[in-house]
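> To start, I am sharing the structure in question, which I have written as structure tokens.
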Amino acid sequence: MELQKLGAGSLRALPLSSTRRPLPLPGLLRRRAAFRCTATVQKPFSVNAEGPHQQRDVSAAALAAAPTPVPAPTTAPATKAHPKTAPVDGNEATARIAYAMSDTCFVYPITPSTPMGEAADQWSTDGRKNLFGNQLQVTQMESEAGVAGALHGALAAGSLATTFTCSQGLLLMIPNMYKISGELMPCVIHVSARALAGHALSIFGDHQDVMAVRQTGWSLLSSHSVQEAHDMALVSHLATLAGSVPIVHFFDGFRTSHEINKIDLIDEASIKPLLDELAPAIAAHHARALNPSHPHQRGTAQGPDVYMQAIEAANPFHKAMPGIVQAAMDKVAAITGRQYHLFDYVGHPQAERVAIAMGSGAQVLEAAVEKLVAQGEKVGLVKVHLFRPWSAEHLLAALPKTVKRISVLDRTKEHGSGGEPLLVEVAASLQRARRHVDVIVGGRYGLGSKDFTPAQAMAVFENLAAPREDDIRDNFVVGITDDVSFASLPVGREPQTLPESTTECMFWGMGSDGTVGANKEAVKIIANKEGMYAQAYFSYDAHKSGGVTVSHLRFGPEHINAPYLVQQAHYIGVHQMTYFTKYDVMECLRRGGKVLVNAPWSSFEEIEKVVPPKTRARLAALRPQLYCLDANAVAQEVGLGRRVNMVMQAAFFALSGVVDMEEAIPLLKASIKKAYGKKGDKIVNMNYAAVDKALEKLVKIEIPQGWGKDETLDRVGAAESAAQFVGTKSPQEFLRKVVQPMLAMEGDKLPVSVFTPGGFFPPGTTSIEKRAIASAVPAWESSSCTQCNICSFVCPHAAIRPALAKPDELSGAPANFGTVPIRGGGPALQGFQYRIQVSPYDCTGCNLCVHACPDHALASTPISQMLAPEATNWDFFKTLPNRGDLFDKATIRGSQFQAPLMEFSGACEGCGETPYVKLLTQLFGTRMVVANATGCSSIWGGSAPANPYTCDDQGRGPAWANSLFEDNAQFGYGIAQGLKQRREALEAAAHVVVQEGAGTEQLRAALTEWIPVRSNGALAGPASEGVKAALAACADANGAESAGANALRFLQANTDLLDKPSVWIVGGDGWAYDIGFAGLDHVLSTGEDVNVLVLDTEEYSNTGGQKSKSSPLGAVVKFAAGGKTRPKKELGLMTMQGYPDVYVASVCLESNYNQVVKAFSEAEAHPGPSLIIAYSPCAMHGISDMGGSAKDAKLAVDTGYWPLYRYQPGGAEGEGKLVLDSKKIKGELEDFLKLENRFMVLQRRDPEEADKLHARMDEHIHLRQERLLNMSKAVPKKPAEEEPKA
């Protein structure tokens, strides 16, 4: 049968048995013999095994194929000449194979695996064919649990299905993974291995997730590099088809998934013969599919009489997999020249000290081994590829006979275990085989993408070299300072392990300034040159944008296998001027290296005035070749705003010499056209101009001879002093010992002892960040100001606020702290002075306030003019007392005199989410408890060490927690139930005190006042203050034994529960509409008093802008590259119809300020569930200027795209009333759509399809508006009057 005919669905054309019965399970063993394990390339996949005995013999032969201790070959097997190369990251390298080898793919976004699904979806949209001649069918599901269910179903239907996931997503698949394995279905899940959420969420890489599924019956195949991710992806798809055992193919999240490296691509034409050999296996998979033409039953319930036997019946399949996987490796070697084994050994042939590891860390250990062997050391490394099924025979064959001491490294942590998983397997293999070694120890490294370097790898071997066996440390950690368990290994200086021809570079950029994107293009430009190789890796801080990004690039004429951060840079680009003085940017610069700073400085004297001691010390010690370039001026001149990437990139090519400038400039411009072509010629031409003008502003700064001879490095680093302390005794001490070093990008140096077990962080830590990332901030013009406070109301970062003070309080004010008399407010405000104050260090420069001000009383002003005077003014402003109690906080103006208890978050500039949450804290913050779904709002709201939630002057503020993505509604409901139970116990105690006459008369009176209002948010607070005061005046009840005394003691111990907590369940549309919808639906159905705020960006903003059920028709988002073809889920209407006792509101802060305040106040006052759906403009919408997003928001409401309404339930069904706040559609929908690139992308690419989808959306909008109008006009049913008594 020709391969071209093996398409999804067309596979049924293959000749099967005449009865078309499913191939019996024992018969499946026939195709497995083709994957016998030998050290050489195998013959085609065929075997003659007619009967059951012969079939078992075939399996036995595959198992018995003697694994021999063959080291990784120094010369590759023959392969075709000149394979195609490309700079790709690990995700793309894997997705290329998965796409080619699969029929169907189910996806759900999760970092860092999402790009694999996005690539597959884009290729499918572009019409790319897989090896079966079809487009891969890519379907986004509502969660990873849904993905696993759909995956199981597709496999049951005979499809070749795959998916991509990691971390919590992989854990959600576990139930179905047992089913898929139990039913012996060929399948591959590609996993960019990531840490699990325990004490904290981490999106970064280690092996916790894949180790959590090692018990499911899936094979686990590990890749160690970008090239291996490509090759092992093919091995996994071949092996699962041949073995009928599903495979998890995994590689390190971020370190491999996001590393860009130049690799040899496997020609799909060379894969076709391998698939052709597996045609019988594919046919057998089809024959076993659910089909009424030849029906069977699966998934039955079994009793104790047969369940155990049925499990054991699958043993031959799993036992044969090591041989099958090795044979697949051999097949791949035959077409690529790259030979792999289940366990690859490198090092001295008579090694006495051997390390064993898997993942990217094995590459680092290999570099250390090469260095040590060259120095005469007898050391070696076993690189593990196949972890499940574990093959002790292959491991033992790979180990040198001479080994005496073994160190096993795991990239995971299992509390309470006798050892981590890889160590346990290795130790068990040696013990069972009676293979003697003197010492075997285990250690951990690289958790949460902690960098693992050659120096740390050296430390592992130094540990094994201890003179006495008793001195060899077991259960060690490497890469951190563990001063609690004292398990860390000492680490020496970094050795030079890279070829001398390799150029290493670092680029310090700011999120959203384009640095990372430009560096990706630079890598492609250089790597695509004949004879040049490139590697790139990017590290980020916790902020959504405006945070620190560090790009680590390497270039050279030889392959680069260095999965660790740059340690000795030849070139460092500092793309933000403040970073040069704020961070230790030259820590990793080699002496005499080049440094380019984006700054207007033209002389060393200017630099000398502003740099701190640590920077002076680096300059003196390293004597860099220093250059400055005012990239901001160039970017502003050509119209690029803050995006300095291309300006700095052009200078990089000029200074680094990696590529000749005459060649580099045309290549750079070609990359600009490719990268920005979709955004139009204007953007392209602006970037062209930036490149042309860059070198005109480049200035070399000469460091005077002899300067800095007295400078010392003793003061370099913010973490060294913290490392001298053990524990923290106060929030201030925590700020000094933990937060400040982390903010200085020196968290890696902190010891274990300064952290609190459990992952707790104090509130208000963002107040000391002072990022100063704005290029311009608003200046207040008092004469134009009408004191409406709208500027403060819309500010996403609480960086601009109204000040109110009495004249005597202004006696010590800075000279330019200008104020004017406050307007309005009556006698209570007479004599007060008013001012609008900005925090220049905390403002992000989004200009939302400037655009929103109805009086034009704010002007965007360069930061250079504002920083010093306004920072002084801000410091004084913070000393003034808060007088929010003089205002009605349920108004626009009054709410902004309340201290925001969420400030200076890590959200993007102009973020549409944060103003809602900030307003919540101003209205209810002193009694708020927040359950926050994982997503944008949990990242800008809870990324250590920056906690934007803070306290008032009495220490009260929002208590915030994140559980997971999918369970947030249930988590918040559980919080509410727990508080409810505890407060009911408090109420019961209050009744006992009153009834028993315990305490004082004042206390009993206060409790009598508190009890009836305890559940009223507006009244419980004042009443609780009376109870607290009375309790403080009571004599201590200690020692007394009576019901009243016990109740009194209970009240005294639980005064923090007297005020009514306001429980808010907060998350984005990905949570509320998709993965968490079932839980949200259930919680709303309970009738309990919880408040739900959905920050609706209409896409998965946190993972890069993927489709959600909230995404509108026609929007081009990831996983809907051709435009979304299904309408937005109407969550509000569904809730009003399904649960008439739920308060429901649809709001848009930037369109109608007053409506938002009303909705929040009404929702919190409602004694049952409430749901507020908040339109949140997002940069990913393709809004050209987020500072002007209010225009978009207003048009969204005016055109009916986003309706405003508030539904207030009545006492019974039918008594509710809908208030439609956007009563009329006032404009054309296209006027709104053309403002956002998410709609215009399709309009430019396929105008006919765009017009069709937009017309459907407009029709839907008008139908919805008519429905809402009818609902608002409906006369609520009056409460039934009681019938007169007879």
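All residue names refer to the structure tokens as shown: chains lettered A, B, ... in order, residues numbered from 1 in each chain, ligands numbered from 1 in order.
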Residues of stretch 131-241 of chain A that approach stretch 418-422 of chain A to 12 Å or less, counting only C-alpha atoms: could you list each one with the shortest pair of atoms and its distance in Å to one decimal, rows by chain and increasing residue number, as JSON lines?

{"residue": "A:His207", "atom": "CA", "partner": "A:Pro421", "partner_atom": "CA", "distance": 10.2}
{"residue": "A:Gln208", "atom": "CA", "partner": "A:Pro421", "partner_atom": "CA", "distance": 10.1}
{"residue": "A:Val210", "atom": "CA", "partner": "A:Pro421", "partner_atom": "CA", "distance": 10.7}
{"residue": "A:Met211", "atom": "CA", "partner": "A:Pro421", "partner_atom": "CA", "distance": 7.3}
{"residue": "A:Ala212", "atom": "CA", "partner": "A:Pro421", "partner_atom": "CA", "distance": 9.9}
{"residue": "A:Val213", "atom": "CA", "partner": "A:Pro421", "partner_atom": "CA", "distance": 11.5}
{"residue": "A:Arg214", "atom": "CA", "partner": "A:Pro421", "partner_atom": "CA", "distance": 9.1}
{"residue": "A:Gln215", "atom": "CA", "partner": "A:Pro421", "partner_atom": "CA", "distance": 11.1}
> What would the file look like if the residues just selected were written as a PDB file, in the first residue's frame with N, CA and C atoms?

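Output file out05.pdb follows:
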ATOM      1  N   HIS A 207      11.332  18.314  36.530  1.00  0.00           N
ATOM      2  CA  HIS A 207      10.697  17.046  36.155  1.00  0.00           C
ATOM      3  C   HIS A 207       9.586  16.624  37.114  1.00  0.00           C
ATOM      4  N   GLN A 208       9.075  17.538  37.905  1.00  0.00           N
ATOM      5  CA  GLN A 208       8.035  17.160  38.859  1.00  0.00           C
ATOM      6  C   GLN A 208       6.793  16.615  38.160  1.00  0.00           C
ATOM      7  N   VAL A 210       6.388  15.148  35.053  1.00  0.00           N
ATOM      8  CA  VAL A 210       6.499  13.834  34.404  1.00  0.00           C
ATOM      9  C   VAL A 210       6.730  12.737  35.431  1.00  0.00           C
ATOM     10  N   MET A 211       7.396  13.068  36.538  1.00  0.00           N
ATOM     11  CA  MET A 211       7.561  12.060  37.577  1.00  0.00           C
ATOM     12  C   MET A 211       6.234  11.742  38.268  1.00  0.00           C
ATOM     13  N   ALA A 212       5.301  12.683  38.202  1.00  0.00           N
ATOM     14  CA  ALA A 212       3.988  12.456  38.810  1.00  0.00           C
ATOM     15  C   ALA A 212       3.107  11.547  37.976  1.00  0.00           C
ATOM     16  N   VAL A 213       3.520  11.221  36.736  1.00  0.00           N
ATOM     17  CA  VAL A 213       2.718  10.317  35.906  1.00  0.00           C
ATOM     18  C   VAL A 213       3.474   9.024  35.613  1.00  0.00           C
ATOM     19  N   ARG A 214       4.564   8.783  36.302  1.00  0.00           N
ATOM     20  CA  ARG A 214       5.366   7.587  36.003  1.00  0.00           C
ATOM     21  C   ARG A 214       4.653   6.298  36.364  1.00  0.00           C
ATOM     22  N   GLN A 215       3.567   6.399  37.134  1.00  0.00           N
ATOM     23  CA  GLN A 215       2.828   5.219  37.555  1.00  0.00           C
ATOM     24  C   GLN A 215       1.660   4.891  36.640  1.00  0.00           C
TER      25      GLN A 215
END
> Compile the contact shell of A:Gly117 as a list in words: residues with an atom at most 9 Å away, counting only C-alpha atoms, same-chain residues fewer than 4 positions apart removed.
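What passes the distance filter is Ala95, Cys105, Phe106, Val107, Tyr108, Pro109, Ser113, Asp121, Gln122, Val138, Gln140, Thr163, Phe164, Thr165 and Phe1119 of chain A.
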> Restrict the selected residues to all heavy atoms and save them as a short mmCIF file (atom, residue, chain, number, x, y, z; two decimals), in the first residue's frame.

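again-v3.cif written:
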data_model
loop_
_atom_site.label_atom_id
_atom_site.label_comp_id
_atom_site.auth_asym_id
_atom_site.auth_seq_id
_atom_site.Cartn_x
_atom_site.Cartn_y
_atom_site.Cartn_z
N ALA A 95 7.11 19.99 17.59
CA ALA A 95 5.82 20.12 16.90
C ALA A 95 5.92 19.74 15.43
O ALA A 95 4.94 19.23 14.86
CB ALA A 95 5.31 21.56 17.04
N CYS A 105 -5.30 16.44 16.84
CA CYS A 105 -4.56 17.03 17.96
C CYS A 105 -5.54 17.85 18.78
O CYS A 105 -6.27 18.69 18.23
CB CYS A 105 -3.42 17.90 17.43
SG CYS A 105 -2.48 18.75 18.71
N PHE A 106 -5.55 17.62 20.07
CA PHE A 106 -6.39 18.39 20.98
C PHE A 106 -5.47 19.21 21.88
O PHE A 106 -4.47 18.70 22.38
CB PHE A 106 -7.29 17.47 21.81
CG PHE A 106 -8.18 16.60 20.96
CD1 PHE A 106 -7.79 15.32 20.62
CD2 PHE A 106 -9.38 17.09 20.47
CE1 PHE A 106 -8.58 14.51 19.82
CE2 PHE A 106 -10.19 16.30 19.66
CZ PHE A 106 -9.78 15.01 19.34
N VAL A 107 -5.81 20.48 22.07
CA VAL A 107 -4.88 21.37 22.75
C VAL A 107 -5.60 22.21 23.79
O VAL A 107 -6.82 22.42 23.73
CB VAL A 107 -4.16 22.31 21.74
CG1 VAL A 107 -3.27 21.51 20.82
CG2 VAL A 107 -5.16 23.14 20.95
N TYR A 108 -4.81 22.69 24.72
CA TYR A 108 -5.25 23.67 25.70
C TYR A 108 -4.02 24.44 26.14
O TYR A 108 -2.96 23.84 26.37
CB TYR A 108 -5.92 23.00 26.91
CG TYR A 108 -6.56 24.00 27.84
CD1 TYR A 108 -7.78 24.58 27.52
CD2 TYR A 108 -5.91 24.41 29.00
CE1 TYR A 108 -8.36 25.53 28.35
CE2 TYR A 108 -6.48 25.36 29.83
CZ TYR A 108 -7.71 25.92 29.51
OH TYR A 108 -8.27 26.87 30.32
N PRO A 109 -4.10 25.77 26.22
CA PRO A 109 -2.88 26.54 26.48
C PRO A 109 -2.35 26.37 27.89
O PRO A 109 -3.11 26.45 28.87
CB PRO A 109 -3.34 27.99 26.24
CG PRO A 109 -4.81 27.98 26.44
CD PRO A 109 -5.28 26.64 25.99
N SER A 113 4.27 24.89 27.16
CA SER A 113 3.98 23.96 26.06
C SER A 113 3.15 24.57 24.95
O SER A 113 3.09 24.03 23.85
CB SER A 113 3.23 22.73 26.62
OG SER A 113 4.03 22.00 27.51
N ASP A 121 -1.62 24.56 15.04
CA ASP A 121 -2.83 25.23 14.56
C ASP A 121 -2.53 26.14 13.39
O ASP A 121 -3.28 26.19 12.41
CB ASP A 121 -3.44 26.04 15.71
CG ASP A 121 -4.69 26.79 15.29
OD1 ASP A 121 -5.66 26.15 14.86
OD2 ASP A 121 -4.68 28.04 15.36
N GLN A 122 -1.41 26.88 13.46
CA GLN A 122 -1.06 27.78 12.36
C GLN A 122 -0.75 27.00 11.08
O GLN A 122 -1.19 27.38 9.99
CB GLN A 122 0.15 28.63 12.77
CG GLN A 122 0.53 29.69 11.74
CD GLN A 122 -0.55 30.74 11.58
OE1 GLN A 122 -0.93 31.43 12.52
NE2 GLN A 122 -1.07 30.87 10.36
N VAL A 138 -6.76 20.28 14.42
CA VAL A 138 -6.39 20.83 15.73
C VAL A 138 -7.63 21.40 16.38
O VAL A 138 -8.32 22.25 15.80
CB VAL A 138 -5.30 21.91 15.60
CG1 VAL A 138 -4.89 22.43 16.97
CG2 VAL A 138 -4.09 21.38 14.84
N GLN A 140 -9.12 23.06 20.05
CA GLN A 140 -8.90 23.53 21.41
C GLN A 140 -10.04 23.06 22.29
O GLN A 140 -11.21 23.18 21.95
CB GLN A 140 -8.81 25.05 21.45
CG GLN A 140 -8.53 25.60 22.85
CD GLN A 140 -8.56 27.12 22.89
OE1 GLN A 140 -8.65 27.77 21.86
NE2 GLN A 140 -8.48 27.68 24.08
N THR A 163 -1.08 15.36 21.68
CA THR A 163 -1.31 16.63 22.35
C THR A 163 -0.01 17.11 22.96
O THR A 163 1.00 16.42 22.95
CB THR A 163 -2.40 16.52 23.44
OG1 THR A 163 -2.72 17.84 23.91
CG2 THR A 163 -1.94 15.68 24.62
N PHE A 164 -0.06 18.35 23.50
CA PHE A 164 1.09 19.00 24.10
C PHE A 164 0.66 19.60 25.43
O PHE A 164 -0.33 20.32 25.49
CB PHE A 164 1.62 20.11 23.20
CG PHE A 164 1.66 19.75 21.73
CD1 PHE A 164 0.66 20.17 20.87
CD2 PHE A 164 2.68 18.97 21.22
CE1 PHE A 164 0.67 19.85 19.53
CE2 PHE A 164 2.71 18.63 19.87
CZ PHE A 164 1.70 19.06 19.03
N THR A 165 1.42 19.36 26.48
CA THR A 165 1.01 19.90 27.78
C THR A 165 2.17 19.86 28.75
O THR A 165 3.30 19.53 28.39
CB THR A 165 -0.20 19.13 28.33
OG1 THR A 165 -0.75 19.84 29.45
CG2 THR A 165 0.20 17.72 28.77
N PHE A 1119 -4.91 29.61 18.16
CA PHE A 1119 -5.86 28.50 18.06
C PHE A 1119 -7.10 28.89 17.27
O PHE A 1119 -8.06 28.14 17.22
CB PHE A 1119 -6.25 27.94 19.43
CG PHE A 1119 -5.12 27.33 20.19
CD1 PHE A 1119 -5.11 27.35 21.58
CD2 PHE A 1119 -4.04 26.73 19.55
CE1 PHE A 1119 -4.07 26.79 22.30
CE2 PHE A 1119 -3.00 26.18 20.25
CZ PHE A 1119 -3.00 26.20 21.63
#
> Just asking: which residues within stretch 922-955 of chain A are alpha helix (DSSP H) according to DSSP, as a PyMOL selection string?
chain A and resi 922-924+936-942
> Please produce a file of those selected residues containing C-alpha atoms, as a compact mmCIF listing (two decimals), in the first residue's frame.

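Saved as again30.txt:
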# COMPACT_ATOMS: atom_id res chain seq x y z
CA GLN A 922 -10.99 50.91 47.70
CA LEU A 923 -14.59 49.88 48.32
CA PHE A 924 -14.15 46.72 50.40
CA CYS A 936 -2.87 37.34 34.26
CA SER A 937 -4.46 38.57 37.47
CA SER A 938 -2.55 36.04 39.56
CA ILE A 939 0.74 36.89 37.87
CA TRP A 940 0.50 40.65 38.19
CA GLY A 941 -1.17 40.15 41.56
CA GLY A 942 1.01 37.48 43.12
> Taking 6 positions as the minimum chain separation for residues in the same chain, which residues sit within 8 Å of A:Asp483 when counting only C-alpha atoms? Answer as a list in words.
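My reading of the contact set: Pro751, Val752 and Ser753 of chain A.
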> For the residues selected in the previous step, produce a file with all heavy atoms as a compact mmCIF listing (two decimals), in the first residue's frame.

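Output saved as out-v4.txt:
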# COMPACT_ATOMS: atom_id res chain seq x y z
N PRO A 751 20.05 32.37 50.62
CA PRO A 751 20.08 31.04 51.24
C PRO A 751 18.68 30.55 51.59
O PRO A 751 17.72 31.33 51.62
CB PRO A 751 20.91 31.27 52.50
CG PRO A 751 20.60 32.69 52.88
CD PRO A 751 20.43 33.43 51.58
N VAL A 752 18.57 29.27 51.89
CA VAL A 752 17.29 28.67 52.24
C VAL A 752 16.69 29.31 53.49
O VAL A 752 15.48 29.50 53.59
CB VAL A 752 17.46 27.15 52.45
CG1 VAL A 752 16.19 26.52 53.00
CG2 VAL A 752 17.86 26.48 51.14
N SER A 753 17.52 29.69 54.42
CA SER A 753 17.04 30.10 55.74
C SER A 753 16.20 31.35 55.74
O SER A 753 15.44 31.58 56.68
CB SER A 753 18.24 30.30 56.68
OG SER A 753 19.09 31.30 56.17
> Please identify the strand (DSSP E or B) residues within stretch 508-540 of chain A (assignment by DSSP from backbone atoms) and present them as a list of chain:residue names.
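Restricting stretch 508-540 of chain A to strand (DSSP E or B) produces A:Trp508, A:Gly509, A:Met510, A:Tyr533, A:Ala534, A:Gln535, A:Ala536, A:Tyr537, A:Phe538, A:Ser539, A:Tyr540.
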> Store the residues picked out above in a file with N, CA, C and O atoms, as a compact mmCIF listing (two decimals), in the first residue's frame.

# COMPACT_ATOMS: atom_id res chain seq x y z
N TRP A 508 20.21 43.14 28.16
CA TRP A 508 19.27 43.51 29.22
C TRP A 508 18.20 44.41 28.63
O TRP A 508 18.48 45.54 28.23
N GLY A 509 16.98 43.89 28.55
CA GLY A 509 15.89 44.66 27.97
C GLY A 509 14.72 44.77 28.92
O GLY A 509 14.73 44.22 30.03
N MET A 510 13.70 45.48 28.47
CA MET A 510 12.49 45.62 29.25
C MET A 510 11.34 44.98 28.48
O MET A 510 11.22 45.18 27.27
N TYR A 533 26.76 28.75 13.78
CA TYR A 533 25.76 28.17 14.68
C TYR A 533 25.38 29.22 15.71
O TYR A 533 26.14 30.16 16.00
N ALA A 534 24.19 29.06 16.26
CA ALA A 534 23.70 30.05 17.21
C ALA A 534 22.82 29.37 18.25
O ALA A 534 22.19 28.35 18.00
N GLN A 535 22.81 29.97 19.43
CA GLN A 535 21.95 29.52 20.52
C GLN A 535 21.39 30.75 21.22
O GLN A 535 22.09 31.75 21.37
N ALA A 536 20.13 30.68 21.62
CA ALA A 536 19.52 31.80 22.33
C ALA A 536 18.60 31.28 23.42
O ALA A 536 17.89 30.30 23.23
N TYR A 537 18.66 31.96 24.53
CA TYR A 537 17.76 31.64 25.65
C TYR A 537 17.39 32.95 26.32
O TYR A 537 18.19 33.88 26.40
N PHE A 538 16.16 33.03 26.83
CA PHE A 538 15.64 34.28 27.34
C PHE A 538 15.09 34.09 28.76
O PHE A 538 14.30 33.18 29.00
N SER A 539 15.53 34.91 29.66
CA SER A 539 15.03 34.85 31.04
C SER A 539 14.21 36.10 31.32
O SER A 539 14.52 37.19 30.81
N TYR A 540 13.18 35.94 32.12
CA TYR A 540 12.23 37.02 32.37
C TYR A 540 12.01 37.16 33.87
O TYR A 540 12.13 36.20 34.63
> Which polymer residues have any atom within 6 Å of an atom of A:Gly1182, counting only C-alpha atoms, with same-chain residues fewer than 2 positions away left out, as a list in words?
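So, after excluding close chain neighbours, the residues are Ala1179, Met1180, Glu1236, Asn1237 and Arg1238 of chain A.
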> Measure the distance from atom CA of A:Thr950 to atom CA of A:Glu769 in Å and round it to one decimal.
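The value is 13.6 Å.
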> With only C-alpha atoms as the counted atoms, please give the residues lying no more than 7 Å from A:Pro454, apart from itself and same-chain residues fewer than 3 positions off, as a list of chain:residue names.
A:Val364, A:Leu365, A:Ala367, A:Ala368, A:Ala457, A:Met458, A:Glu494, A:Pro495
> If you keep N, CA and C atoms, can you produce a file of those selected residues as a PDB file, in the first residue's frame?

ATOM      1  N   VAL A 364      25.077  19.514  30.503  1.00  0.00           N
ATOM      2  CA  VAL A 364      26.015  20.263  31.344  1.00  0.00           C
ATOM      3  C   VAL A 364      27.012  19.302  31.991  1.00  0.00           C
ATOM      4  N   LEU A 365      26.498  18.197  32.488  1.00  0.00           N
ATOM      5  CA  LEU A 365      27.386  17.188  33.086  1.00  0.00           C
ATOM      6  C   LEU A 365      28.364  16.649  32.050  1.00  0.00           C
ATOM      7  N   ALA A 367      29.646  18.275  29.547  1.00  0.00           N
ATOM      8  CA  ALA A 367      30.706  19.271  29.376  1.00  0.00           C
ATOM      9  C   ALA A 367      31.728  19.170  30.499  1.00  0.00           C
ATOM     10  N   ALA A 368      31.246  18.948  31.729  1.00  0.00           N
ATOM     11  CA  ALA A 368      32.158  18.796  32.861  1.00  0.00           C
ATOM     12  C   ALA A 368      32.998  17.533  32.726  1.00  0.00           C
ATOM     13  N   ALA A 457      28.171  21.117  37.994  1.00  0.00           N
ATOM     14  CA  ALA A 457      28.437  19.747  37.559  1.00  0.00           C
ATOM     15  C   ALA A 457      29.784  19.266  38.090  1.00  0.00           C
ATOM     16  N   MET A 458      30.776  20.134  38.072  1.00  0.00           N
ATOM     17  CA  MET A 458      32.081  19.796  38.639  1.00  0.00           C
ATOM     18  C   MET A 458      31.949  19.444  40.122  1.00  0.00           C
ATOM     19  N   GLU A 494      33.487  29.027  37.639  1.00  0.00           N
ATOM     20  CA  GLU A 494      33.022  28.429  36.394  1.00  0.00           C
ATOM     21  C   GLU A 494      34.208  28.083  35.499  1.00  0.00           C
ATOM     22  N   PRO A 495      34.297  26.847  35.030  1.00  0.00           N
ATOM     23  CA  PRO A 495      35.364  26.488  34.100  1.00  0.00           C
ATOM     24  C   PRO A 495      35.021  26.924  32.677  1.00  0.00           C
TER      25      PRO A 495
END
> With a distance cut-off of 9 Å and only C-alpha atoms, select the neighbouring residues of stretch 386-401 of chain A, excluding the residue or stretch itself and same-chain residues fewer than 5 positions from it, and output the selection as a ChimeraX atom specification.
/A:66-71,214,217-222,247,318-322,325,341-345,348-352,354,358,380-381,422,425-426,428-430,432-433,435
> For A:Val1147, which residue among A:Pro1203, A:Pro304, A:Gly299, A:Gly253 is the nearest when counting only C-alpha atoms?
A:Pro1203
> Using only C-alpha atoms, which protein or nucleic acid residues come within 9 Å of A:Lys582? Drop anything in the same chain fewer than 6 positions from it, and give the result as a ChimeraX atom specification.
/A:611-612,615,744
> Please produce a file of those selected residues containing N, CA, C and O atoms, as a short mmCIF file (atom, residue, chain, number, x, y, z; two decimals), in the first residue's frame.

data_model
loop_
_atom_site.label_atom_id
_atom_site.label_comp_id
_atom_site.auth_asym_id
_atom_site.auth_seq_id
_atom_site.Cartn_x
_atom_site.Cartn_y
_atom_site.Cartn_z
N VAL A 611 26.61 56.52 38.41
CA VAL A 611 26.71 55.09 38.68
C VAL A 611 26.97 54.83 40.16
O VAL A 611 27.73 55.57 40.81
N PRO A 612 26.35 53.80 40.71
CA PRO A 612 26.56 53.45 42.12
C PRO A 612 27.89 52.72 42.32
O PRO A 612 28.56 52.35 41.34
N THR A 615 28.60 49.44 40.33
CA THR A 615 28.90 49.62 38.91
C THR A 615 30.29 50.21 38.72
O THR A 615 31.03 49.81 37.81
N ALA A 744 16.69 43.16 43.11
CA ALA A 744 17.98 43.50 42.49
C ALA A 744 18.47 42.40 41.57
O ALA A 744 19.63 42.42 41.15
#
> Take atom CA of A:Ala156 and atom CA of A:Gly169 and report the distance between them in Å, one decimal.
21.5 Å
